[in-house]
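Data from final21.cif: mmCIF, C-alpha atoms
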data_structure
loop_
_atom_site.label_atom_id
_atom_site.label_comp_id
_atom_site.auth_asym_id
_atom_site.auth_seq_id
_atom_site.Cartn_x
_atom_site.Cartn_y
_atom_site.Cartn_z
CA MET A 1 0.00 0.00 0.00
CA SER A 2 1.31 3.46 -0.81
CA GLY A 3 0.74 6.53 1.35
CA GLU A 4 1.62 7.35 4.91
CA VAL A 5 -0.18 6.14 8.04
CA LEU A 6 0.73 7.67 11.39
CA LEU A 7 -0.12 5.93 14.67
CA ARG A 8 0.02 8.79 17.11
CA GLY A 9 0.33 8.95 20.87
CA GLY A 10 0.55 5.27 21.76
CA LEU A 11 2.71 3.08 24.00
CA VAL A 12 4.78 0.80 21.76
CA VAL A 13 5.16 -2.68 23.29
CA ASP A 14 7.22 -5.39 21.58
CA LEU A 15 9.81 -8.02 22.42
CA THR A 16 12.38 -5.30 23.22
CA GLY A 17 10.23 -3.61 25.88
CA GLU A 18 8.00 -0.54 25.86
CA ARG A 19 8.34 3.17 25.07
CA ARG A 20 6.11 6.12 24.21
CA ALA A 21 6.39 6.75 20.48
CA ASP A 22 4.58 7.64 17.29
CA VAL A 23 4.90 5.12 14.46
CA LEU A 24 5.00 6.18 10.81
CA VAL A 25 4.22 3.63 8.11
CA ARG A 26 4.80 3.95 4.38
CA ASP A 27 4.51 1.42 1.54
CA GLY A 28 3.86 -1.46 3.90
CA ALA A 29 6.83 -0.85 6.18
CA VAL A 30 7.63 1.06 9.34
CA VAL A 31 9.73 4.11 8.36
CA ALA A 32 10.01 5.95 11.70
CA VAL A 33 9.44 5.33 15.42
CA GLU A 34 9.94 8.60 17.27
CA VAL A 35 8.64 10.42 20.34
CA ASP A 36 6.76 13.05 18.34
CA ILE A 37 6.16 12.89 14.59
CA ALA A 38 4.31 15.91 13.18
CA PRO A 39 1.71 14.80 10.64
CA ALA A 40 1.87 16.16 7.11
CA ALA A 41 -0.90 16.88 4.65
CA GLY A 42 -2.35 13.78 3.06
CA TRP A 43 -1.31 11.39 5.81
CA THR A 44 -3.81 9.09 7.46
CA VAL A 45 -3.52 9.81 11.19
CA LEU A 46 -4.87 7.18 13.62
CA ASP A 47 -5.27 8.10 17.25
CA ALA A 48 -3.46 5.70 19.61
CA ALA A 49 -3.62 7.84 22.76
CA GLY A 50 -4.10 5.71 25.85
CA CYS A 51 -3.51 2.59 23.75
CA VAL A 52 -0.83 0.00 23.11
CA VAL A 53 0.82 -0.28 19.67
CA ALA A 54 2.20 -3.78 19.07
CA PRO A 55 3.17 -6.30 16.39
CA GLY A 56 0.06 -8.00 15.04
CA LEU A 57 -1.25 -11.12 16.75
CA VAL A 58 -0.49 -14.53 15.23
CA ASP A 59 -2.96 -17.39 15.61
CA LEU A 60 -1.58 -20.90 15.21
CA HIS A 61 -5.00 -22.54 15.18
CA THR A 62 -7.83 -21.13 13.06
CA HIS A 63 -10.59 -23.01 11.26
CA LEU A 64 -11.66 -21.05 8.16
CA ARG A 65 -13.82 -23.88 6.75
CA GLN A 66 -13.03 -23.02 3.11
CA PRO A 67 -13.03 -24.98 0.89
CA GLY A 68 -16.18 -26.95 1.54
CA ARG A 69 -17.98 -25.43 4.51
CA GLU A 70 -18.48 -21.85 3.36
CA GLU A 71 -21.84 -21.62 5.13
CA ALA A 72 -19.87 -21.60 8.41
CA GLU A 73 -16.92 -19.40 7.42
CA THR A 74 -14.81 -18.31 4.47
CA VAL A 75 -11.25 -17.14 4.21
CA GLU A 76 -12.61 -13.63 3.70
CA THR A 77 -15.00 -13.55 6.67
CA GLY A 78 -12.58 -15.35 8.95
CA SER A 79 -9.79 -12.95 8.06
CA ARG A 80 -12.10 -10.02 8.76
CA ALA A 81 -12.89 -11.44 12.19
CA ALA A 82 -9.16 -11.95 12.73
CA ALA A 83 -8.33 -8.36 11.81
CA LEU A 84 -11.00 -7.10 14.21
CA GLY A 85 -9.35 -9.20 16.90
CA GLY A 86 -5.90 -7.71 16.22
CA TYR A 87 -4.53 -10.61 14.17
CA THR A 88 -2.32 -10.02 11.15
CA THR A 89 -1.52 -13.72 10.61
CA VAL A 90 -3.57 -16.88 11.08
CA VAL A 91 -2.70 -20.50 10.38
CA ALA A 92 -5.66 -22.20 8.67
CA MET A 93 -6.33 -25.75 9.81
CA PRO A 94 -6.58 -28.46 7.13
CA ASN A 95 -9.89 -30.06 8.18
CA THR A 96 -11.66 -28.56 5.19
CA GLU A 97 -13.61 -30.44 2.52
CA PRO A 98 -11.48 -31.62 0.79
CA ALA A 99 -8.75 -31.63 3.40
CA ILE A 100 -5.63 -29.56 2.77
CA ASP A 101 -3.56 -32.65 2.05
CA GLY A 102 -1.84 -31.81 -1.23
CA ALA A 103 -0.44 -29.02 -3.37
CA ALA A 104 -3.71 -28.28 -5.20
CA VAL A 105 -5.68 -27.41 -2.05
CA VAL A 106 -2.75 -25.50 -0.57
CA ARG A 107 -2.65 -23.35 -3.72
CA GLU A 108 -6.44 -22.85 -3.57
CA VAL A 109 -6.24 -21.51 -0.01
CA GLN A 110 -3.22 -19.36 -0.85
CA GLU A 111 -5.12 -17.83 -3.79
CA LEU A 112 -8.16 -17.13 -1.59
CA ALA A 113 -5.82 -15.52 0.94
CA GLU A 114 -4.60 -12.95 -1.58
CA LYS A 115 -7.73 -10.85 -0.85
CA ALA A 116 -7.80 -11.51 2.89
CA LEU A 117 -7.50 -8.87 5.61
CA CYS A 118 -4.56 -10.70 7.18
CA ALA A 119 -1.98 -13.27 6.19
CA VAL A 120 -3.54 -16.74 5.94
CA LEU A 121 -1.02 -19.58 6.12
CA PRO A 122 -2.48 -23.01 5.28
CA ALA A 123 -1.47 -25.91 7.50
CA GLY A 124 -1.11 -29.21 5.71
CA ALA A 125 -2.57 -32.53 6.82
CA ILE A 126 -0.17 -35.15 8.15
CA THR A 127 -2.12 -37.98 6.52
CA LYS A 128 -4.19 -38.22 3.36
CA GLY A 129 -7.74 -37.10 4.04
CA ARG A 130 -6.78 -36.81 7.74
CA ARG A 131 -7.73 -40.49 7.94
CA GLY A 132 -4.59 -41.51 9.83
CA GLU A 133 -3.77 -44.30 7.38
CA GLU A 134 -1.17 -42.99 4.91
CA LEU A 135 1.18 -40.01 5.00
CA ALA A 136 0.19 -37.01 2.92
CA PRO A 137 2.74 -35.59 0.43
CA MET A 138 4.26 -33.21 2.96
CA ALA A 139 7.27 -32.41 0.75
CA GLU A 140 5.17 -30.95 -2.05
CA MET A 141 3.22 -28.85 0.46
CA ALA A 142 6.40 -27.74 2.22
CA ALA A 143 7.73 -26.62 -1.16
CA LEU A 144 4.78 -24.21 -1.30
CA GLY A 145 5.70 -22.73 2.06
CA VAL A 146 3.68 -24.89 4.46
CA ARG A 147 5.52 -25.08 7.78
CA LEU A 148 2.95 -26.68 10.09
CA PHE A 149 1.28 -30.06 9.53
CA THR A 150 -1.59 -31.48 11.54
CA ASP A 151 -4.63 -33.74 11.26
CA ASP A 152 -6.33 -31.35 13.69
CA GLY A 153 -9.73 -32.46 14.85
CA ARG A 154 -8.07 -35.84 15.14
CA GLY A 155 -4.77 -37.05 16.51
CA VAL A 156 -2.69 -39.55 14.55
CA GLN A 157 -3.67 -42.73 16.39
CA ASP A 158 -1.10 -45.11 14.89
CA ALA A 159 2.18 -44.69 16.79
CA ARG A 160 4.20 -46.29 13.99
CA LEU A 161 2.72 -43.88 11.43
CA MET A 162 3.36 -40.93 13.75
CA ARG A 163 6.96 -42.02 14.10
CA ARG A 164 7.35 -42.05 10.33
CA ALA A 165 5.68 -38.64 10.09
CA LEU A 166 8.09 -37.16 12.64
CA GLU A 167 11.10 -38.63 10.82
CA TYR A 168 9.82 -37.30 7.50
CA ALA A 169 9.04 -33.89 8.97
CA ALA A 170 12.51 -33.64 10.52
CA GLY A 171 14.04 -34.04 7.09
CA LEU A 172 11.83 -31.28 5.72
CA GLY A 173 12.47 -28.92 8.64
CA VAL A 174 8.75 -28.59 9.43
CA THR A 175 6.69 -29.04 12.60
CA LEU A 176 3.94 -31.54 13.35
CA ALA A 177 1.08 -30.19 15.47
CA GLN A 178 -0.97 -32.77 17.30
CA HIS A 179 -4.57 -32.80 18.50
CA CYS A 180 -3.81 -35.16 21.36
CA GLU A 181 -6.64 -37.57 22.02
CA ASP A 182 -6.74 -41.33 22.22
CA GLU A 183 -9.92 -41.98 20.26
CA ARG A 184 -10.64 -45.36 21.79
CA LEU A 185 -10.47 -44.00 25.31
CA ALA A 186 -12.48 -40.90 24.39
CA ALA A 187 -15.12 -42.78 22.37
CA GLY A 188 -18.70 -41.79 23.18
CA GLY A 189 -17.78 -38.86 25.39
CA HIS A 190 -19.29 -35.39 24.95
CA MET A 191 -17.77 -33.45 27.86
CA HIS A 192 -15.07 -33.87 30.51
CA GLU A 193 -15.45 -37.04 32.57
CA GLY A 194 -15.83 -35.94 36.16
CA GLU A 195 -18.20 -34.46 38.71
CA TRP A 196 -20.29 -32.52 36.21
CA SER A 197 -20.64 -35.36 33.70
CA SER A 198 -21.87 -37.54 36.58
CA ARG A 199 -24.36 -34.90 37.71
CA LEU A 200 -25.66 -34.40 34.17
CA GLY A 201 -25.70 -38.09 33.29
CA MET A 202 -23.59 -37.46 30.23
CA ALA A 203 -20.78 -39.66 28.92
CA GLY A 204 -17.42 -38.01 29.46
CA VAL A 205 -13.91 -37.90 28.05
CA PRO A 206 -11.27 -38.63 30.70
CA ALA A 207 -8.25 -36.38 30.99
CA GLU A 208 -6.11 -39.45 30.34
CA ALA A 209 -7.33 -39.58 26.72
CA GLU A 210 -5.31 -36.43 26.09
CA GLU A 211 -2.41 -37.22 28.39
CA LEU A 212 -1.72 -40.65 26.89
CA MET A 213 -1.08 -39.15 23.47
CA VAL A 214 1.01 -36.29 24.85
CA ALA A 215 3.19 -38.86 26.65
CA ARG A 216 3.41 -41.08 23.56
CA ASP A 217 4.38 -38.22 21.26
CA LEU A 218 7.00 -36.92 23.66
CA ALA A 219 8.54 -40.40 23.51
CA LEU A 220 8.37 -40.37 19.71
CA VAL A 221 10.00 -36.94 19.52
CA ARG A 222 12.77 -38.29 21.74
CA LEU A 223 13.13 -41.30 19.41
CA THR A 224 13.10 -39.44 16.11
CA GLY A 225 14.52 -36.00 16.80
CA GLY A 226 11.43 -34.49 15.16
CA ARG A 227 9.67 -31.29 16.15
CA ALA A 228 6.20 -31.41 17.72
CA HIS A 229 3.71 -28.78 18.76
CA PHE A 230 0.94 -29.77 21.16
CA GLN A 231 -2.37 -28.13 20.37
CA HIS A 232 -4.90 -26.86 22.91
CA LEU A 233 -3.49 -28.45 26.10
CA SER A 234 -6.35 -28.72 28.55
CA THR A 235 -5.35 -30.89 31.50
CA ALA A 236 -2.99 -30.52 34.44
CA GLY A 237 -1.37 -33.81 33.51
CA SER A 238 -0.61 -32.66 29.95
CA VAL A 239 0.91 -29.42 31.20
CA ALA A 240 3.06 -31.39 33.67
CA LEU A 241 4.28 -33.74 30.94
CA VAL A 242 5.35 -30.88 28.67
CA ARG A 243 6.92 -29.01 31.59
CA ALA A 244 9.01 -32.07 32.52
CA ALA A 245 10.06 -32.63 28.90
CA LYS A 246 11.20 -29.03 28.53
CA ALA A 247 13.05 -29.16 31.85
CA ALA A 248 14.91 -32.27 30.70
CA GLY A 249 16.02 -30.40 27.60
CA GLY A 250 16.97 -31.65 24.17
CA LEU A 251 13.48 -31.97 22.71
CA ALA A 252 12.01 -29.68 20.07
CA VAL A 253 8.55 -29.33 21.59
CA SER A 254 6.15 -26.42 21.98
CA ALA A 255 2.56 -26.07 23.14
CA GLU A 256 -0.48 -23.85 22.97
CA ALA A 257 -3.59 -23.26 25.09
CA THR A 258 -6.90 -21.74 24.07
CA PRO A 259 -8.71 -18.74 25.56
CA HIS A 260 -11.63 -20.99 26.60
CA HIS A 261 -9.44 -23.51 28.42
CA LEU A 262 -7.97 -20.71 30.53
CA SER A 263 -11.29 -19.03 31.30
CA LEU A 264 -14.17 -21.55 31.36
CA THR A 265 -14.81 -24.76 33.31
CA ASP A 266 -16.95 -27.82 32.70
CA ALA A 267 -19.57 -26.30 35.01
CA ALA A 268 -20.59 -24.17 31.98
CA VAL A 269 -22.11 -27.32 30.47
CA ALA A 270 -24.72 -27.49 33.27
CA GLY A 271 -27.33 -25.82 31.05
CA PHE A 272 -26.74 -28.28 28.18
CA ASP A 273 -25.98 -25.35 25.86
CA PRO A 274 -23.99 -26.76 22.91
CA VAL A 275 -22.09 -23.48 22.55
CA PHE A 276 -19.95 -24.84 25.41
CA LYS A 277 -19.21 -28.10 23.61
CA VAL A 278 -15.61 -28.16 22.45
CA ASN A 279 -12.87 -30.70 21.79
CA PRO A 280 -10.90 -31.14 24.01
CA PRO A 281 -13.74 -30.47 26.47
CA LEU A 282 -13.85 -27.76 29.10
CA ARG A 283 -12.17 -29.07 32.25
CA PRO A 284 -12.52 -28.49 36.03
CA GLN A 285 -11.01 -25.47 37.79
CA ALA A 286 -7.84 -27.38 38.77
CA ASP A 287 -7.03 -27.94 35.10
CA VAL A 288 -7.82 -24.31 34.25
CA ASP A 289 -5.42 -23.26 36.99
CA ALA A 290 -2.75 -25.60 35.60
CA VAL A 291 -3.13 -24.13 32.10
CA ARG A 292 -2.77 -20.62 33.53
CA ALA A 293 0.34 -21.70 35.44
CA GLY A 294 1.76 -23.24 32.27
CA LEU A 295 1.29 -19.97 30.42
CA ALA A 296 2.91 -18.06 33.26
CA ASP A 297 6.03 -20.21 33.61
CA GLY A 298 6.74 -20.73 29.90
CA THR A 299 5.64 -24.35 29.64
CA ILE A 300 2.97 -23.25 27.16
CA ASP A 301 4.38 -21.09 24.39
CA ALA A 302 1.28 -19.58 22.82
CA ILE A 303 -2.38 -18.76 23.18
CA ALA A 304 -4.18 -20.04 20.07
CA THR A 305 -7.87 -19.54 19.42
CA ASP A 306 -9.06 -22.86 17.93
CA HIS A 307 -11.62 -20.56 16.27
CA ALA A 308 -14.21 -23.11 15.11
CA PRO A 309 -17.30 -21.61 13.46
CA HIS A 310 -20.47 -23.66 13.00
CA PRO A 311 -23.83 -22.72 11.44
CA GLN A 312 -26.50 -21.92 14.01
CA GLU A 313 -28.68 -24.87 13.02
CA ASP A 314 -25.82 -27.26 13.79
CA LYS A 315 -25.19 -25.73 17.21
CA GLU A 316 -28.92 -25.84 18.04
CA ARG A 317 -28.94 -29.63 18.01
CA PRO A 318 -29.06 -31.50 21.34
CA PHE A 319 -25.73 -31.35 23.18
CA ASP A 320 -24.70 -34.91 22.37
CA GLN A 321 -25.40 -34.38 18.65
CA ALA A 322 -23.98 -30.88 18.16
CA PRO A 323 -20.48 -30.48 16.69
CA PRO A 324 -17.72 -29.27 19.03
CA GLY A 325 -16.19 -25.84 18.57
CA MET A 326 -16.34 -22.17 19.55
CA LEU A 327 -15.56 -18.83 17.93
CA GLY A 328 -12.47 -17.06 19.24
CA LEU A 329 -10.74 -14.64 16.90
CA GLU A 330 -12.59 -11.47 17.95
CA THR A 331 -12.47 -12.14 21.70
CA ALA A 332 -9.17 -13.95 22.34
CA LEU A 333 -7.10 -10.92 23.33
CA ALA A 334 -9.78 -9.57 25.66
CA VAL A 335 -10.28 -13.00 27.26
CA ALA A 336 -6.56 -13.31 27.91
CA LEU A 337 -6.32 -9.80 29.36
CA THR A 338 -9.43 -10.36 31.49
CA TYR A 339 -8.67 -13.81 32.90
CA LEU A 340 -4.85 -13.89 33.09
CA ASP A 341 -2.89 -11.96 35.66
CA LEU A 342 0.21 -11.75 33.50
CA GLY A 343 0.37 -8.14 32.29
CA VAL A 344 0.08 -6.79 28.77
CA ALA A 345 3.63 -7.55 27.61
CA ARG A 346 3.45 -11.21 28.62
CA VAL A 347 0.04 -11.66 26.96
CA LEU A 348 1.40 -10.10 23.77
CA ALA A 349 4.39 -12.44 23.84
CA LEU A 350 2.02 -15.42 24.04
CA MET A 351 -0.18 -14.13 21.23
CA SER A 352 2.25 -12.35 18.90
CA TRP A 353 5.99 -12.87 18.73
CA GLN A 354 6.21 -16.31 20.36
CA PRO A 355 3.68 -18.00 18.04
CA ALA A 356 5.21 -16.03 15.15
CA ARG A 357 8.58 -17.69 15.75
CA LEU A 358 6.98 -21.14 15.64
CA VAL A 359 5.80 -20.60 12.04
CA GLY A 360 8.59 -18.36 10.80
CA VAL A 361 6.64 -15.09 10.77
CA ASP A 362 8.27 -11.71 11.47
CA ALA A 363 6.53 -10.15 14.47
CA GLY A 364 8.72 -7.27 15.39
CA PRO A 365 10.27 -5.38 16.98
CA VAL A 366 8.39 -2.25 15.90
CA ALA A 367 11.31 -0.56 14.20
CA GLU A 368 12.32 1.19 11.02
CA GLY A 369 12.42 -1.17 8.07
CA ARG A 370 10.18 -3.84 9.62
CA ALA A 371 6.90 -4.96 8.09
CA ALA A 372 3.94 -2.83 9.13
CA ASP A 373 1.77 -5.64 10.48
CA LEU A 374 0.64 -3.85 13.63
CA PHE A 375 -2.36 -3.35 15.82
CA VAL A 376 -3.53 -0.83 18.39
CA PHE A 377 -5.66 -1.71 21.40
CA ASP A 378 -6.95 -0.14 24.57
CA PRO A 379 -6.13 -2.59 27.40
CA THR A 380 -8.61 -0.94 29.76
CA ALA A 381 -11.66 -0.56 27.51
CA GLU A 382 -14.55 -2.72 28.70
CA TRP A 383 -17.15 -4.15 26.35
CA VAL A 384 -19.94 -6.69 26.31
CA VAL A 385 -19.68 -9.47 23.74
CA ASP A 386 -22.51 -9.41 21.19
CA PRO A 387 -22.24 -12.33 18.73
CA THR A 388 -24.75 -10.71 16.37
CA ARG A 389 -22.12 -8.08 15.58
CA SER A 390 -19.43 -10.64 14.72
CA ALA A 391 -17.72 -10.59 11.33
CA SER A 392 -17.82 -14.37 11.33
CA ARG A 393 -20.58 -16.15 9.44
CA SER A 394 -21.28 -18.12 12.60
CA ARG A 395 -22.48 -17.09 16.06
CA ASN A 396 -21.27 -19.84 18.42
CA ASN A 397 -19.50 -17.53 20.85
CA PRO A 398 -19.38 -18.79 24.48
CA TYR A 399 -18.73 -15.28 25.83
CA ALA A 400 -22.03 -13.78 24.63
CA GLY A 401 -23.19 -11.21 27.17
CA ARG A 402 -19.95 -11.30 29.16
CA ARG A 403 -18.04 -8.12 29.99
CA LEU A 404 -14.40 -8.25 28.89
CA ALA A 405 -11.51 -5.80 29.20
CA GLY A 406 -9.29 -4.88 26.26
CA ARG A 407 -10.49 -3.83 22.84
CA VAL A 408 -8.81 -3.50 19.46
CA ARG A 409 -8.99 -0.03 17.93
CA HIS A 410 -6.89 -0.26 14.73
CA THR A 411 -5.19 -3.04 12.74
CA LEU A 412 -2.66 -2.52 9.95
CA TYR A 413 -1.89 -5.37 7.57
CA GLN A 414 1.04 -4.77 5.21
CA GLY A 415 0.67 -1.09 6.11
CA GLU A 416 -3.01 -0.91 5.16
CA PRO A 417 -5.44 0.13 7.91
CA VAL A 418 -7.87 -2.80 7.59
CA VAL A 419 -9.54 -1.87 10.92
CA ILE A 420 -10.03 1.74 12.04
CA ASP A 421 -11.75 2.61 15.31
CA GLY A 422 -13.01 -0.95 15.64
CA GLN A 423 -14.57 -1.04 12.18
CA ALA A 424 -13.35 -3.28 9.36
CA GLN A 425 -12.54 -1.20 6.28
CA ARG A 426 -13.34 -3.86 3.69
#
Represent the structure of the file as structure tokens.
Amino acid sequence: MSGEVLLRGGLVVDLTGERRADVLVRDGAVVAVEVDIAPAAGWTVLDAAGCVVAPGLVDLHTHLRQPGREEAETVETGSRAAALGGYTTVVAMPNTEPAIDGAAVVREVQELAEKALCAVLPAGAITKGRRGEELAPMAEMAALGVRLFTDDGRGVQDARLMRRALEYAAGLGVTLAQHCEDERLAAGGHMHEGEWSSRLGMAGVPAEAEELMVARDLALVRLTGGRAHFQHLSTAGSVALVRAAKAAGGLAVSAEATPHHLSLTDAAVAGFDPVFKVNPPLRPQADVDAVRAGLADGTIDAIATDHAPHPQEDKERPFDQAPPGMLGLETALAVALTYLDLGVARVLALMSWQPARLVGVDAGPVAEGRAADLFVFDPTAEWVVDPTRSASRSRNNPYAGRRLAGRVRHTLYQGEPVVIDGQAQR
């Protein structure tokens, strides 16, 4: 984009620290970061007074549903929701129809992303059709720039196949991201197995279904020297396993947690509202506390949304028949700021530059010559979540009616103000 954009009066926060500064952007790049930049005629001036200016957020775990499920979400609508949430990069999960399991579908998503309001990086499937039977052609997808591979929505159940995938991925220099769940142990469950599932008379998924696969994959990483990323950790046991593996050293492992697993418990299911159905399921308070502790001590590297849109008619089915998944892109930052006692800089690290490093994205510092993928937010602004105003095509937001703190004001993608004063510009 040509033309100048001046972010004026904000507090710049990035991986180098914080300072009061104006930020001038031209032709998609930052050209000046100074205490006081006088605007010139013709510049677009965006007020950042009282706000934080930071590198754009990076989501490692977004479901955009296209191709195949456009009634739930498209690359365009999902990217608009992302921009409104402060994201300038999202990684699109491969559980589309067809699955992103070869070069043709990767190219299709990349072409759709050319008109998006943020960078959309397709993740490739580990196995053909995400069926867990035969490895997908990861090399041809990696040649197109794919850096993260996952069968998300399912974990690779066959340990021998997962070993081969890790060996193959190591040779390509890419990362495997696992949805950790032993399907046989989890079979038939619709929520966490515990006090609330007993009260409600609903079949549950034990925490061990997740922890068994985390433990298995840590062993396989140790065996192969591959690189693994654990998606949406939700149990205290999983967090402990990853913490111990990192403390031992020598393993290339990373992990993420979702906004809902750090803010909601399985008690939310008491009303049988399917908006609270998610996979992995919401857990008891002790697990929520463990996830928060993992984010605080560095065991968990990133907060990722697992943004999972579903048409309203699907989410209005009875709880045991409704699909799992929640929206997250427009509320993730505010949920993290509201429910975590970590401070703004630490939350930004978990949502911006740390996930950026995991997928090779530049996320700062905010300095001359760097890409102008930035966003501006007011960390103190309170707002009530109204799903009817969402940019997503779906409305399954578990925070409807809740008051959250922290709101995005502006987002710049490649120097273009795609969100101004909380309004998407296209």
Name all residues at most 9 Å from Ala345 in chain A (count all atoms listed in the file; drop same-chain ones fewer than 3 positions away) and give them as a list in words.
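Skipping anything fewer than 3 positions along the chain leaves Val13, Asp14, Leu15, Gly17, Glu18, Leu342, Leu348, Ala349 and Leu350 of chain A.
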On this file, the PyMOL selection byres ((chain A and resi 198-209) around 9) gives some set of residues; write that set as a ChimeraX atom specification.
/A:180-197,210-213,234-238,269-270,272,280-281,283,320
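Using the PyMOL selection byres ((chain A and resi 252) around 8) on the file at hand returns these residues: Val221, Gly225, Gly226, Arg227, Ala228, Gly250, Leu251, Val253 and Ser254 of chain A.
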Where does the PyMOL selection byres ((chain A and resi 137) around 10) land in this file, that is, which residues does it pick, as a PyMOL selection string?
chain A and resi 101-103+124-128+134-136+138-142
Name the residues in contact with Asp151 in chain A at a cut-off of 9 Å, using only C-alpha atoms, excluding same-chain residues fewer than 3 positions from it; report them as an MDAnalysis selection string.
chainID A and resid 93:95 124:127 129:132 154:156 177:179
What is the CA of Val58 in chain A-CA of Ala322 in chain A distance in Å, reported with one decimal?
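Going from CA of Val58 in chain A over to CA of Ala322 in chain A covers 28.8 Å.
CA of Arg402 in chain A sits 20.2 Å away from CA of Ala304 in chain A.
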Edge lengths and centre in Å to one decimal, as JSON, is what I'm after for the box along x, y and z that holds all listed atoms of range 212-227 of chain A once 3 Å is added on each side.
{"center_x": 6.4, "center_y": -36.3, "center_z": 21.0, "size_x": 22.2, "size_y": 16.0, "size_z": 17.7}
Just checking: using only C-alpha atoms, which residue out of A:Ala308, A:Ala302, A:Leu337, A:Val120 ends up closest to Arg357 in chain A?
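Nearest to Arg357 in chain A: A:Ala302.
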I'd like to know which of A:Ala81, A:Leu7, A:Ala49, A:Ala334 is closest to Thr62 in chain A, using only C-alpha atoms.
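When distances to Thr62 in chain A are compared using only C-alpha atoms, the smallest one comes from A:Ala81.
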Mind filling out range 17-34 of chain A with N, CA and C atoms and sending it as a PDB file, keeping the file's coordinate frame?
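Listing of rebuild.pdb after writing:
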ATOM      1  N   GLY A  17      10.685  -4.386  24.736  1.00  0.00           N
ATOM      2  CA  GLY A  17      10.230  -3.610  25.880  1.00  0.00           C
ATOM      3  C   GLY A  17       9.125  -2.646  25.483  1.00  0.00           C
ATOM      4  N   GLU A  18       9.052  -1.506  26.155  1.00  0.00           N
ATOM      5  CA  GLU A  18       8.000  -0.540  25.860  1.00  0.00           C
ATOM      6  C   GLU A  18       8.545   0.883  25.904  1.00  0.00           C
ATOM      7  N   ARG A  19       7.960   1.753  25.088  1.00  0.00           N
ATOM      8  CA  ARG A  19       8.340   3.170  25.070  1.00  0.00           C
ATOM      9  C   ARG A  19       7.210   3.961  24.424  1.00  0.00           C
ATOM     10  N   ARG A  20       7.064   5.215  24.851  1.00  0.00           N
ATOM     11  CA  ARG A  20       6.110   6.120  24.210  1.00  0.00           C
ATOM     12  C   ARG A  20       6.667   6.542  22.868  1.00  0.00           C
ATOM     13  N   ALA A  21       5.882   6.371  21.796  1.00  0.00           N
ATOM     14  CA  ALA A  21       6.390   6.750  20.480  1.00  0.00           C
ATOM     15  C   ALA A  21       5.254   6.799  19.461  1.00  0.00           C
ATOM     16  N   ASP A  22       5.428   7.665  18.476  1.00  0.00           N
ATOM     17  CA  ASP A  22       4.580   7.640  17.290  1.00  0.00           C
ATOM     18  C   ASP A  22       5.218   6.679  16.288  1.00  0.00           C
ATOM     19  N   VAL A  23       4.392   6.076  15.453  1.00  0.00           N
ATOM     20  CA  VAL A  23       4.900   5.120  14.460  1.00  0.00           C
ATOM     21  C   VAL A  23       4.398   5.550  13.084  1.00  0.00           C
ATOM     22  N   LEU A  24       5.347   5.786  12.166  1.00  0.00           N
ATOM     23  CA  LEU A  24       5.000   6.180  10.810  1.00  0.00           C
ATOM     24  C   LEU A  24       5.219   5.010   9.858  1.00  0.00           C
ATOM     25  N   VAL A  25       4.209   4.756   9.037  1.00  0.00           N
ATOM     26  CA  VAL A  25       4.220   3.630   8.110  1.00  0.00           C
ATOM     27  C   VAL A  25       4.105   4.165   6.679  1.00  0.00           C
ATOM     28  N   ARG A  26       4.898   3.585   5.804  1.00  0.00           N
ATOM     29  CA  ARG A  26       4.800   3.950   4.380  1.00  0.00           C
ATOM     30  C   ARG A  26       5.099   2.728   3.527  1.00  0.00           C
ATOM     31  N   ASP A  27       4.285   2.519   2.484  1.00  0.00           N
ATOM     32  CA  ASP A  27       4.510   1.420   1.540  1.00  0.00           C
ATOM     33  C   ASP A  27       4.681   0.075   2.229  1.00  0.00           C
ATOM     34  N   GLY A  28       3.877  -0.149   3.258  1.00  0.00           N
ATOM     35  CA  GLY A  28       3.860  -1.460   3.900  1.00  0.00           C
ATOM     36  C   GLY A  28       4.933  -1.693   4.933  1.00  0.00           C
ATOM     37  N   ALA A  29       5.747  -0.663   5.220  1.00  0.00           N
ATOM     38  CA  ALA A  29       6.830  -0.850   6.180  1.00  0.00           C
ATOM     39  C   ALA A  29       6.845   0.298   7.189  1.00  0.00           C
ATOM     40  N   VAL A  30       7.419   0.020   8.338  1.00  0.00           N
ATOM     41  CA  VAL A  30       7.630   1.060   9.340  1.00  0.00           C
ATOM     42  C   VAL A  30       8.823   1.911   8.881  1.00  0.00           C
ATOM     43  N   VAL A  31       8.634   3.246   8.824  1.00  0.00           N
ATOM     44  CA  VAL A  31       9.730   4.110   8.360  1.00  0.00           C
ATOM     45  C   VAL A  31      10.253   5.008   9.478  1.00  0.00           C
ATOM     46  N   ALA A  32       9.507   5.144  10.585  1.00  0.00           N
ATOM     47  CA  ALA A  32      10.010   5.950  11.700  1.00  0.00           C
ATOM     48  C   ALA A  32       9.279   5.569  12.976  1.00  0.00           C
ATOM     49  N   VAL A  33      10.009   5.526  14.085  1.00  0.00           N
ATOM     50  CA  VAL A  33       9.440   5.330  15.420  1.00  0.00           C
ATOM     51  C   VAL A  33      10.096   6.387  16.304  1.00  0.00           C
ATOM     52  N   GLU A  34       9.368   7.460  16.565  1.00  0.00           N
ATOM     53  CA  GLU A  34       9.940   8.600  17.270  1.00  0.00           C
ATOM     54  C   GLU A  34       8.951   9.144  18.296  1.00  0.00           C
TER      55      GLU A  34
END
